$ cat entry_34.cif   # mmCIF, C-alpha atoms and all ligand atoms
data_my_file
#
loop_
_atom_site.label_atom_id
_atom_site.label_comp_id
_atom_site.auth_asym_id
_atom_site.auth_seq_id
_atom_site.Cartn_x
_atom_site.Cartn_y
_atom_site.Cartn_z
CA MET A 1 0.00 0.00 0.00
CA ARG A 2 0.97 3.66 -0.17
CA ALA A 3 1.70 5.42 3.11
CA LEU A 4 3.16 8.73 4.19
CA THR A 5 6.48 8.16 5.93
CA TRP A 6 8.67 10.39 8.05
CA GLN A 7 12.23 10.55 6.76
CA GLY A 8 13.81 13.45 8.63
CA LYS A 9 13.27 17.01 9.74
CA ARG A 10 10.69 18.55 7.36
CA ASP A 11 11.01 15.53 5.07
CA VAL A 12 7.92 13.31 4.61
CA ARG A 13 7.46 11.01 1.62
CA LEU A 14 4.80 8.80 0.13
CA GLU A 15 6.22 5.27 -0.11
CA THR A 16 5.08 1.79 -0.90
CA VAL A 17 5.12 -0.32 2.27
CA PRO A 18 3.77 -3.80 3.12
CA ASP A 19 -0.01 -3.98 3.67
CA PRO A 20 -0.94 -4.28 7.36
CA LYS A 21 -2.23 -7.65 8.54
CA ILE A 22 -4.26 -8.92 11.49
CA GLU A 23 -1.67 -9.76 14.16
CA GLU A 24 -3.82 -10.14 17.29
CA PRO A 25 -7.40 -11.40 17.70
CA THR A 26 -8.31 -7.86 18.90
CA ASP A 27 -7.12 -6.22 15.65
CA ALA A 28 -9.10 -4.85 12.74
CA ILE A 29 -7.88 -3.65 9.36
CA ILE A 30 -9.57 -0.62 7.88
CA ARG A 31 -9.39 0.92 4.43
CA VAL A 32 -8.78 4.57 5.22
CA THR A 33 -11.18 6.93 3.44
CA SER A 34 -10.18 10.15 5.27
CA SER A 35 -7.24 11.00 7.50
CA GLY A 36 -6.62 14.36 9.19
CA LEU A 37 -3.41 16.37 9.36
CA CYS A 38 -2.97 17.73 12.89
CA GLY A 39 -0.93 20.39 14.66
CA SER A 40 0.55 17.43 16.56
CA ASP A 41 1.97 16.09 13.27
CA LEU A 42 3.79 19.40 12.89
CA HIS A 43 5.70 18.70 16.12
CA LEU A 44 6.98 15.47 14.54
CA TYR A 45 7.74 17.28 11.31
CA GLU A 46 10.24 19.51 13.08
CA VAL A 47 10.91 19.68 16.83
CA LEU A 48 10.25 16.10 17.96
CA THR A 49 12.53 14.57 15.33
CA PRO A 50 14.73 13.03 18.07
CA PHE A 51 11.94 10.56 18.85
CA MET A 52 11.25 9.55 15.23
CA THR A 53 12.76 6.79 13.08
CA PRO A 54 13.03 7.17 9.31
CA GLY A 55 10.24 5.15 7.72
CA ASP A 56 7.70 5.76 10.53
CA ILE A 57 4.20 6.04 9.08
CA LEU A 58 2.50 9.28 10.20
CA GLY A 59 -1.12 10.11 10.99
CA HIS A 60 -3.59 9.55 13.83
CA GLU A 61 -6.97 10.92 12.71
CA PRO A 62 -8.54 8.18 10.55
CA MET A 63 -11.90 7.00 9.43
CA GLY A 64 -12.71 4.33 6.92
CA ILE A 65 -14.32 1.03 6.10
CA VAL A 66 -13.61 -2.17 8.00
CA GLU A 67 -11.92 -4.73 5.74
CA GLU A 68 -11.23 -7.53 8.18
CA VAL A 69 -11.55 -8.22 11.91
CA GLY A 70 -9.81 -10.54 14.36
CA ALA A 71 -11.66 -13.24 16.29
CA ALA A 72 -12.06 -11.07 19.41
CA VAL A 73 -13.81 -8.06 17.83
CA PRO A 74 -17.46 -9.09 18.12
CA ASP A 75 -19.11 -5.76 17.33
CA LEU A 76 -17.44 -4.96 14.01
CA GLN A 77 -17.67 -6.60 10.63
CA ALA A 78 -16.32 -6.04 7.14
CA GLY A 79 -18.09 -3.12 5.48
CA ASP A 80 -18.78 -1.14 8.68
CA ARG A 81 -18.04 2.58 8.48
CA VAL A 82 -15.92 3.60 11.47
CA VAL A 83 -13.98 6.47 12.97
CA VAL A 84 -10.91 5.54 15.01
CA PRO A 85 -9.54 7.41 18.09
CA PHE A 86 -5.93 8.61 17.93
CA GLN A 87 -5.09 6.66 21.08
CA ILE A 88 -5.09 2.91 21.41
CA ALA A 89 -6.86 1.69 24.53
CA CYS A 90 -8.46 -1.54 25.75
CA GLY A 91 -11.64 -0.12 27.30
CA ASN A 92 -11.46 -2.61 30.12
CA CYS A 93 -8.56 -1.83 32.45
CA TRP A 94 -8.74 0.26 35.61
CA MET A 95 -7.71 3.46 33.79
CA CYS A 96 -10.07 2.97 30.85
CA LEU A 97 -12.95 2.23 33.23
CA THR A 98 -12.11 5.46 35.11
CA GLY A 99 -12.52 7.43 31.89
CA LEU A 100 -8.80 7.82 31.20
CA PRO A 101 -8.08 5.77 28.07
CA THR A 102 -4.99 7.96 27.46
CA GLN A 103 -3.52 6.12 30.44
CA CYS A 104 -4.70 2.63 29.39
CA GLU A 105 -2.80 0.04 31.43
CA THR A 106 -2.95 -2.50 28.63
CA THR A 107 -1.26 -0.30 26.01
CA GLN A 108 0.92 2.00 28.17
CA VAL A 109 4.37 2.31 26.65
CA SER A 110 6.09 1.33 29.89
CA ALA A 111 9.55 0.96 28.33
CA GLU A 112 9.46 4.72 27.75
CA GLY A 113 7.52 5.54 30.93
CA MET A 114 4.63 6.91 28.87
CA GLY A 115 0.83 6.59 28.72
CA ALA A 116 -1.31 4.77 26.16
CA ALA A 117 0.09 4.02 22.71
CA LEU A 118 -0.88 6.42 19.93
CA PHE A 119 -1.06 5.95 16.19
CA GLY A 120 1.86 7.44 14.28
CA TYR A 121 3.39 9.29 17.20
CA THR A 122 7.06 8.52 17.91
CA ARG A 123 8.72 5.71 19.78
CA LEU A 124 7.67 7.39 23.04
CA TYR A 125 4.14 6.35 22.16
CA GLY A 126 4.89 2.90 20.86
CA ALA A 127 6.01 3.60 17.26
CA VAL A 128 2.64 2.32 16.02
CA PRO A 129 2.23 2.67 12.22
CA GLY A 130 -0.01 5.65 11.53
CA ALA A 131 -3.10 6.45 9.53
CA GLN A 132 -1.99 8.70 6.66
CA ALA A 133 -2.03 5.57 4.58
CA GLU A 134 -4.34 3.48 2.43
CA TYR A 135 -4.86 0.85 5.12
CA LEU A 136 -4.49 0.81 8.89
CA ARG A 137 -4.11 -1.94 11.44
CA VAL A 138 -6.26 -0.95 14.42
CA PRO A 139 -5.18 -2.70 17.64
CA GLN A 140 -7.76 -3.04 20.47
CA ALA A 141 -10.51 -2.73 17.86
CA GLN A 142 -13.02 -4.22 20.31
CA TYR A 143 -13.02 -0.77 22.00
CA GLY A 144 -11.60 2.08 19.89
CA PRO A 145 -13.57 2.38 16.65
CA THR A 146 -17.01 3.99 16.68
CA LYS A 147 -19.50 2.86 14.03
CA VAL A 148 -21.09 5.77 12.18
CA PRO A 149 -24.08 5.84 9.82
CA GLU A 150 -23.90 5.89 6.04
CA GLY A 151 -25.06 9.06 4.31
CA PRO A 152 -23.27 12.23 5.39
CA SER A 153 -19.75 12.87 4.08
CA ASP A 154 -16.74 11.66 6.03
CA ASP A 155 -16.16 15.16 7.43
CA ARG A 156 -19.28 14.85 9.58
CA PHE A 157 -17.64 12.14 11.69
CA LEU A 158 -13.90 12.32 11.00
CA TYR A 159 -13.19 14.79 13.81
CA LEU A 160 -14.36 12.28 16.41
CA SER A 161 -10.88 10.80 15.97
CA ASP A 162 -9.17 13.78 17.61
CA VAL A 163 -10.30 17.40 17.05
CA LEU A 164 -13.75 17.08 18.65
CA PRO A 165 -12.87 15.09 21.78
CA THR A 166 -9.73 17.20 22.23
CA ALA A 167 -11.69 20.46 22.05
CA TRP A 168 -14.43 18.93 24.22
CA GLN A 169 -11.96 17.88 26.90
CA ALA A 170 -10.22 21.26 26.71
CA VAL A 171 -13.52 22.95 27.54
CA ALA A 172 -14.50 20.37 30.17
CA TYR A 173 -11.11 20.74 31.87
CA ALA A 174 -11.44 24.53 31.71
CA GLY A 175 -14.53 24.30 33.95
CA VAL A 176 -16.08 27.47 32.53
CA PRO A 177 -19.05 28.45 34.72
CA LYS A 178 -22.40 28.86 32.88
CA GLY A 179 -22.36 32.33 31.37
CA GLY A 180 -18.68 32.72 32.33
CA SER A 181 -15.74 33.69 30.19
CA VAL A 182 -12.96 31.73 28.54
CA ALA A 183 -9.96 32.81 26.47
CA VAL A 184 -8.59 30.40 23.90
CA LEU A 185 -4.94 30.90 22.96
CA GLY A 186 -4.29 29.56 19.45
CA LEU A 187 -7.00 29.30 16.78
CA GLY A 188 -5.72 26.34 14.82
CA PRO A 189 -8.16 23.43 14.39
CA ILE A 190 -8.11 22.65 18.11
CA GLY A 191 -8.50 26.21 19.41
CA ASP A 192 -11.12 27.03 16.77
CA MET A 193 -13.18 23.97 17.72
CA ALA A 194 -12.70 24.67 21.43
CA CYS A 195 -14.29 28.11 20.89
CA ARG A 196 -17.25 26.47 19.13
CA VAL A 197 -17.67 23.89 21.88
CA ALA A 198 -17.41 26.53 24.62
CA ARG A 199 -20.18 28.53 23.01
CA ALA A 200 -22.34 25.45 22.45
CA GLN A 201 -21.96 24.61 26.13
CA GLY A 202 -23.07 28.00 27.35
CA ALA A 203 -19.93 30.07 27.92
CA GLY A 204 -20.98 33.73 28.09
CA ARG A 205 -17.93 35.23 26.42
CA VAL A 206 -15.28 33.56 24.32
CA PHE A 207 -12.02 35.35 23.52
CA GLY A 208 -9.65 33.99 20.88
CA VAL A 209 -5.98 34.88 20.31
CA ASP A 210 -3.82 34.07 17.28
CA LEU A 211 -1.61 35.83 14.76
CA VAL A 212 -2.87 34.33 11.49
CA PRO A 213 -5.50 36.55 9.83
CA GLU A 214 -7.62 33.74 8.28
CA ARG A 215 -7.75 31.92 11.58
CA LEU A 216 -8.82 35.04 13.45
CA ARG A 217 -11.49 35.71 10.84
CA ARG A 218 -12.87 32.17 11.01
CA ALA A 219 -13.32 32.45 14.78
CA GLU A 220 -14.77 35.95 14.54
CA GLN A 221 -17.41 34.74 12.09
CA ARG A 222 -18.65 32.40 14.80
CA GLY A 223 -18.99 35.07 17.47
CA VAL A 224 -15.56 34.88 19.10
CA GLU A 225 -14.02 38.17 20.30
CA THR A 226 -10.62 37.92 18.65
CA PHE A 227 -7.24 39.46 19.42
CA ASP A 228 -4.42 39.58 16.91
CA LEU A 229 -1.17 38.94 18.75
CA ARG A 230 0.69 41.04 16.18
CA SER A 231 -1.14 44.19 17.18
CA PHE A 232 0.27 44.20 20.73
CA ASP A 233 3.77 45.30 21.72
CA ASP A 234 4.04 42.73 24.47
CA GLU A 235 2.16 40.16 26.50
CA LYS A 236 1.19 42.75 29.10
CA GLU A 237 -0.75 44.77 26.54
CA LEU A 238 -2.66 41.72 25.35
CA VAL A 239 -3.48 40.69 28.91
CA THR A 240 -4.70 44.19 29.71
CA ALA A 241 -6.90 44.29 26.61
CA ILE A 242 -8.68 41.07 27.59
CA ARG A 243 -8.89 42.01 31.28
CA ASP A 244 -10.58 45.24 30.27
CA ARG A 245 -13.46 43.18 28.91
CA THR A 246 -13.79 41.09 32.07
CA ASP A 247 -14.21 43.75 34.77
CA GLY A 248 -10.45 43.97 35.11
CA ARG A 249 -10.17 40.44 36.50
CA GLY A 250 -9.31 38.26 33.54
CA PRO A 251 -11.36 35.36 32.15
CA ASP A 252 -12.59 32.53 34.36
CA ALA A 253 -10.59 30.08 32.28
CA VAL A 254 -7.86 30.03 29.67
CA ILE A 255 -7.31 27.21 27.19
CA ASP A 256 -3.78 26.84 25.83
CA ALA A 257 -4.33 25.41 22.33
CA VAL A 258 -0.84 26.33 21.17
CA GLY A 259 1.70 24.05 22.83
CA THR A 260 5.42 23.76 22.47
CA GLU A 261 5.89 25.70 19.25
CA ALA A 262 4.51 29.01 20.50
CA HIS A 263 5.37 32.15 18.65
CA GLY A 264 7.37 34.55 20.81
CA SER A 265 9.89 32.29 22.56
CA ALA A 266 13.15 33.09 20.78
CA ALA A 267 15.62 31.43 23.17
CA ALA A 268 13.67 28.18 23.38
CA ARG A 269 13.37 28.09 19.61
CA MET A 270 17.16 28.03 19.38
CA VAL A 271 17.35 25.10 21.78
CA GLN A 272 14.63 23.22 19.86
CA ASN A 273 16.42 23.76 16.60
CA ALA A 274 19.74 22.70 18.08
CA SER A 275 18.31 19.54 19.65
CA ALA A 276 16.64 18.56 16.37
CA LEU A 277 20.08 18.57 14.74
CA LEU A 278 21.91 16.51 17.38
CA PRO A 279 22.57 12.81 16.87
CA ARG A 280 19.51 10.84 17.95
CA LYS A 281 21.17 9.30 21.06
CA LEU A 282 21.89 12.75 22.50
CA SER A 283 18.95 14.76 21.30
CA GLY A 284 16.22 12.52 22.77
CA PRO A 285 17.46 12.86 26.36
CA MET A 286 18.12 16.55 25.75
CA ALA A 287 14.58 17.18 24.60
CA GLU A 288 13.15 15.25 27.52
CA ARG A 289 15.31 16.54 30.37
CA PHE A 290 15.95 20.16 29.55
CA SER A 291 13.71 23.06 29.03
CA VAL A 292 13.03 22.97 25.33
CA ASP A 293 9.41 23.98 25.18
CA ARG A 294 8.49 27.37 23.83
CA LEU A 295 6.37 28.48 26.76
CA ALA A 296 5.12 31.87 25.57
CA ALA A 297 1.46 30.80 25.35
CA LEU A 298 1.48 29.01 28.69
CA HIS A 299 3.04 32.01 30.39
CA THR A 300 0.39 34.24 28.82
CA ALA A 301 -2.29 31.88 30.13
CA ILE A 302 -0.89 32.19 33.67
CA GLU A 303 -0.85 35.98 33.52
CA LEU A 304 -4.24 36.22 31.86
CA VAL A 305 -6.49 33.89 33.85
CA ARG A 306 -8.36 35.51 36.72
CA ARG A 307 -7.33 34.77 40.30
CA GLY A 308 -8.80 31.42 41.31
CA GLY A 309 -9.37 30.52 37.65
CA THR A 310 -8.49 27.45 35.62
CA ILE A 311 -5.97 26.82 32.87
CA SER A 312 -6.71 23.94 30.54
CA VAL A 313 -3.59 22.89 28.63
CA THR A 314 -4.40 21.01 25.47
CA GLY A 315 -1.35 22.06 23.42
CA VAL A 316 1.39 19.43 23.56
CA TYR A 317 4.53 20.03 25.66
CA GLY A 318 7.56 17.76 25.96
CA GLY A 319 10.27 19.23 28.20
CA MET A 320 11.13 17.76 31.61
CA ALA A 321 12.53 20.87 33.30
CA ASP A 322 10.54 23.81 32.02
CA PRO A 323 10.73 26.84 34.33
CA MET A 324 7.31 27.73 35.70
CA PRO A 325 6.38 30.92 37.59
CA MET A 326 5.41 29.10 40.78
CA LEU A 327 5.00 32.34 42.74
CA THR A 328 2.28 33.54 40.37
CA LEU A 329 0.63 30.12 40.04
CA PHE A 330 0.47 29.77 43.82
CA ASP A 331 -0.46 33.33 44.64
CA LYS A 332 -3.23 33.51 42.04
CA GLN A 333 -4.52 30.12 43.20
CA ILE A 334 -4.64 28.72 39.71
CA GLN A 335 -5.83 25.24 38.82
CA MET A 336 -4.32 23.49 35.83
CA HIS A 337 -5.73 20.49 34.03
CA MET A 338 -4.01 18.98 31.03
CA GLY A 339 -3.27 15.97 28.90
CA GLN A 340 -4.06 14.10 25.72
CA ALA A 341 -7.76 13.84 25.04
CA ASN A 342 -9.52 10.75 26.42
CA VAL A 343 -11.36 10.21 23.17
CA ARG A 344 -13.98 7.58 24.00
CA ARG A 345 -14.67 9.26 27.34
CA TRP A 346 -16.35 12.06 25.36
CA SER A 347 -17.59 10.61 22.06
CA ASP A 348 -21.09 9.68 23.24
CA GLU A 349 -21.63 13.26 24.46
CA ILE A 350 -20.44 14.70 21.14
CA ILE A 351 -22.33 12.51 18.66
CA PRO A 352 -25.72 14.24 19.27
CA TYR A 353 -24.10 17.45 17.93
CA LEU A 354 -23.21 15.82 14.58
CA THR A 355 -26.55 16.43 12.91
CA ASP A 356 -27.73 18.09 9.69
CA GLU A 357 -28.09 21.36 11.63
CA ASP A 358 -24.36 21.00 12.26
CA PRO A 359 -24.09 23.30 15.30
CA LEU A 360 -20.30 22.88 15.49
CA GLY A 361 -19.75 23.48 11.77
CA VAL A 362 -17.92 20.21 11.09
CA ASP A 363 -19.24 19.80 7.54
CA ASP A 364 -17.16 22.70 6.24
CA PHE A 365 -14.46 22.71 8.90
CA ALA A 366 -11.74 21.43 6.54
CA THR A 367 -10.08 24.01 4.33
CA HIS A 368 -8.30 21.45 2.12
CA HIS A 369 -9.05 17.92 0.91
CA VAL A 370 -6.06 16.42 -0.88
CA PRO A 371 -4.84 13.01 -2.02
CA LEU A 372 -1.88 11.46 -0.19
CA THR A 373 0.32 12.20 -3.19
CA GLU A 374 0.09 15.86 -2.19
CA ALA A 375 0.88 15.23 1.48
CA PRO A 376 4.48 16.52 1.44
CA HIS A 377 3.25 19.83 0.06
CA ALA A 378 0.33 19.87 2.48
CA TYR A 379 2.66 19.52 5.50
CA ASP A 380 4.74 22.42 4.25
CA MET A 381 1.65 24.56 3.58
CA PHE A 382 0.09 23.75 6.98
CA GLN A 383 3.32 24.45 8.84
CA LYS A 384 3.79 27.80 7.10
CA LYS A 385 0.04 28.55 7.44
CA GLN A 386 -0.15 29.40 3.74
CA ASP A 387 -3.10 29.30 1.37
CA GLY A 388 -5.60 29.67 4.23
CA ALA A 389 -4.80 26.16 5.46
CA VAL A 390 -6.48 25.48 8.79
CA LYS A 391 -7.57 21.85 8.51
CA VAL A 392 -6.21 19.51 5.87
CA VAL A 393 -7.88 16.16 5.26
CA PHE A 394 -6.21 13.46 3.18
CA ARG A 395 -8.35 11.25 1.00
CA PRO A 396 -6.11 8.24 0.43
N1 LIG B 401 -4.25 17.21 23.99
C1 LIG B 401 -4.51 16.53 22.87
O1 LIG B 401 -5.05 15.42 22.92
C2 LIG B 401 -4.20 17.15 21.56
C3 LIG B 401 -4.82 16.69 20.40
C4 LIG B 401 -4.58 17.34 19.20
C5 LIG B 401 -3.71 18.41 19.18
N2 LIG B 401 -3.08 18.81 20.32
C6 LIG B 401 -2.15 19.94 20.35
O2 LIG B 401 -2.91 21.14 20.35
C7 LIG B 401 -2.12 22.20 19.77
C8 LIG B 401 -2.92 22.88 18.66
O3 LIG B 401 -3.18 21.96 17.60
P1 LIG B 401 -3.69 22.50 16.19
O4 LIG B 401 -3.96 21.32 15.33
O5 LIG B 401 -4.77 23.48 16.39
O6 LIG B 401 -2.30 23.18 15.70
P2 LIG B 401 -1.88 24.52 14.95
O7 LIG B 401 -0.40 24.48 14.94
O8 LIG B 401 -2.60 24.63 13.65
O9 LIG B 401 -2.42 25.68 15.90
C9 LIG B 401 -1.64 26.42 16.78
C10 LIG B 401 -2.04 27.89 16.63
O10 LIG B 401 -1.42 28.66 17.66
C11 LIG B 401 -1.06 29.91 17.11
N3 LIG B 401 -0.03 30.51 18.00
C12 LIG B 401 1.31 30.33 18.00
N4 LIG B 401 1.89 31.01 19.01
C13 LIG B 401 0.88 31.62 19.68
C14 LIG B 401 0.85 32.45 20.83
N5 LIG B 401 1.98 32.75 21.49
N6 LIG B 401 -0.36 32.91 21.25
C15 LIG B 401 -1.50 32.59 20.59
N7 LIG B 401 -1.52 31.79 19.48
C16 LIG B 401 -0.35 31.31 19.04
C17 LIG B 401 -0.59 29.57 15.71
O11 LIG B 401 -0.60 30.69 14.85
C18 LIG B 401 -1.60 28.51 15.30
O12 LIG B 401 -2.72 29.06 14.64
C19 LIG B 401 -0.84 21.53 19.28
O13 LIG B 401 0.17 21.66 20.26
C20 LIG B 401 -1.24 20.07 19.18
O14 LIG B 401 -0.13 19.20 19.29
C21 LIG B 401 -3.32 18.19 21.50
ZN ZN B 402 -4.44 15.12 15.91
ZN ZN B 403 -7.27 0.13 29.06
#

$ encode --input "entry_34.cif" --output "structure tokens" --more "lines below"
Ligand SMILES: NC(=O)c1ccc[n+]([C@@H]2O[C@H](COP(=O)([O-])OP(=O)(O)OC[C@H]3O[C@@H](n4cnc5c(N)ncnc54)[C@H](O)[C@@H]3O)[C@@H](O)[C@H]2O)c1
Ligand SMILES: [Zn+2]
Ligand SMILES: [Zn+2]
Amino acid sequence: MRALTWQGKRDVRLETVPDPKIEEPTDAIIRVTSSGLCGSDLHLYEVLTPFMTPGDILGHEPMGIVEEVGAAVPDLQAGDRVVVPFQIACGNCWMCLTGLPTQCETTQVSAEGMGAALFGYTRLYGAVPGAQAEYLRVPQAQYGPTKVPEGPSDDRFLYLSDVLPTAWQAVAYAGVPKGGSVAVLGLGPIGDMACRVARAQGAGRVFGVDLVPERLRRAEQRGVETFDLRSFDDEKELVTAIRDRTDGRGPDAVIDAVGTEAHGSAAARMVQNASALLPRKLSGPMAERFSVDRLAALHTAIELVRRGGTISVTGVYGGMADPMPMLTLFDKQIQMHMGQANVRRWSDEIIPYLTDEDPLGVDDFATHHVPLTEAPHAYDMFQKKQDGAVKVVFRP
């Protein structure tokens, strides 16, 4: 089959690789009909290269048609239309039963000291072949895949793989009081969807911050009060502008939907670039143990949130020794809640929103649908935020 493989920093290629096969009775094979490109893939494209191996198949946002199932997957059969979570979880261990499939005790990558295995996401997460491919082996298929009805286009359901549960969890973890306020930093697919979910769940005011004009406009069109980072001289000015709209206090909650590649962290960018160039044996430990995250967005969140408020961190971070302003965190009595999205924990709550009325605007959420042959260009375009690219969907 054809699959998109990682070959090196900013180097992804479509290659012919062996077709996946059923290996365990709990496996299924799906023919991928749509597969999302995510901000998380951009981390692999550049700054997380130390954890990648040339030839790794990328992608973790698939949906498709079941081709074949193992003997222990009673609820699926060939021909079913399914969407598959980005994490691999058993659904039956203590963690899964607690609603934390990201920490699944059956699939935890214990050799690396990490949580549940993920599709296409570095050796830290199990080096599982990813979903930007024609076919995908789905481990733990007795739990992960959700069957969806025939009829609407793939885009109606595709985002159940990642964007929707991630945005949903971001808002749930933000704990916005009914009628309260939330600021979303970053208006990529995740931040944009988090704004939509916050509004749908009754937030009174939603503020959105980014520096890409099309992304700001998209959010504005859906009632978000937007702030263009480029129009402020420094963080203090931005914080003041948002505080001014919240009785001087700051929003009840702030969602960080930016993560480790934040704009405005010059020194950390140098370290990230340097560590991506080191030999693999050195750069992995360096990325894990030192402060290599670009923390600008997180620091803004800490300044911005009101005293006693909540920060929900959904952007991905990877450093082990990032400096945090503990004085401010403690003095302002801030709560933080973070992590990968527990996909199946939220899907049943989200599905009722995926109707013809389309309250979350999933049907036209994607800005680009492209074949896998155009994936190398699509990565470049999405990274540089060119051509209005917000959400790219591959149609293998
Ligand atoms: N927790 C999870 O389960 C989960 C799932 C999916 C994605 N993510 C992470 O969420 C983050 C966002 O994903 P995405 O697909 O929307 O990616 P993206 O890269 O398209 O979006 C990030 C946005 O942040 C903006 N930005 C950069 N610096 C900023 C700053 N200082 N202040 C405000 N905005 C800034 C960028 O212009 C961009 O629009 C990524 O870190 C991704 O890895 C987490
Ligand atoms: Zn994703
Ligand atoms: Zn489990």

$ closest_residue --input "entry_34.cif" --among "A:Leu118, A:Ile22, A:Ile242, A:Leu37" --to "Ala378 of chain A" --atoms "all atoms listed in the file"
A:Leu37

$ axis_aligned_box --input "entry_34.cif" --around "segment 240-251 of chain A" --padding-each-side "4 Å" --output "AutoDock Vina command-line options"
--center_x -9.5 --center_y 40.3 --center_z 31.6 --size_x 17.5 --size_y 17.9 --size_z 17.9

$ residues_near_ligand --input "entry_34.cif" --ligand "ligand LIG 401 (chain B)" --cutoff "7 Å" --atoms "all atoms listed in the file" --output "JSON, numbers by chain"
{"A": [38, 39, 40, 42, 43, 162, 163, 166, 185, 186, 187, 188, 189, 190, 191, 209, 210, 211, 212, 215, 229, 257, 258, 259, 260, 261, 262, 263, 264, 296, 297, 314, 315, 316, 339, 340, 341, 390]}

$ residues_near_ligand --input "entry_34.cif" --ligand "ligand ZN 403 (chain B)" --cutoff "9 Å" --atoms "only C-alpha atoms and all ligand atoms" --output "PyMOL selection string"
chain A and resi 88-97+100-108+116

$ closest_residue --input "entry_34.cif" --among "A:Pro54, A:Gly208, A:Gly130, A:Gly223" --to "ligand ZN 402 (chain B)" --atoms "all atoms listed in the file"
A:Gly130

$ residues_around --input "entry_34.cif" --residues "Leu304 of chain A" --least-positions-apart "6" --cutoff "8 Å" --atoms "only C-alpha atoms" --output "PyMOL selection string"
chain A and resi 239+242-243+250-251+254

$ residues_around --input "entry_34.cif" --residues "segment 147-161 of chain A" --least-positions-apart "4" --cutoff "6 Å" --atoms "all atoms listed in the file" --output "PyMOL selection string"
chain A and resi 61+63+81-82+84-86+362-363

$ atom_distance --input "entry_34.cif" --atom1 "atom CA of Leu164 of chain A" --atom2 "atom CA of Pro145 of chain A"
14.8 Å

$ residues_around --input "entry_34.cif" --residues "Arg395 of chain A" --least-positions-apart "3" --cutoff "10 Å" --atoms "all atoms listed in the file" --output "list in words"
Val32, Thr33, Ser34, Ser35, Gly36, Gln132, Ala133, Glu134, Asp154, His369, Val370, Pro371, Leu372, Thr373 and Val392 of chain A

$ closest_residue --input "entry_34.cif" --among "A:Val343, A:Leu354, A:Val12, A:Ala321" --to "ligand ZN 402 (chain B)" --atoms "all atoms listed in the file"
A:Val343

$ residues_around --input "entry_34.cif" --residues "Pro20 of chain A" --least-positions-apart "2" --cutoff "9 Å" --atoms "all atoms listed in the file" --output "number ranges by chain"
A: 1, 17-18, 22-23, 29, 135-137

$ closest_residue --input "entry_34.cif" --among "A:Val224, A:Ala131, A:Ile350, A:Val305" --to "ligand ZN 402 (chain B)" --atoms "only C-alpha atoms and all ligand atoms"
A:Ala131

$ atom_distance --input "entry_34.cif" --atom1 "atom CA of Ala3 of chain A" --atom2 "atom CA of Leu44 of chain A"
16.1 Å
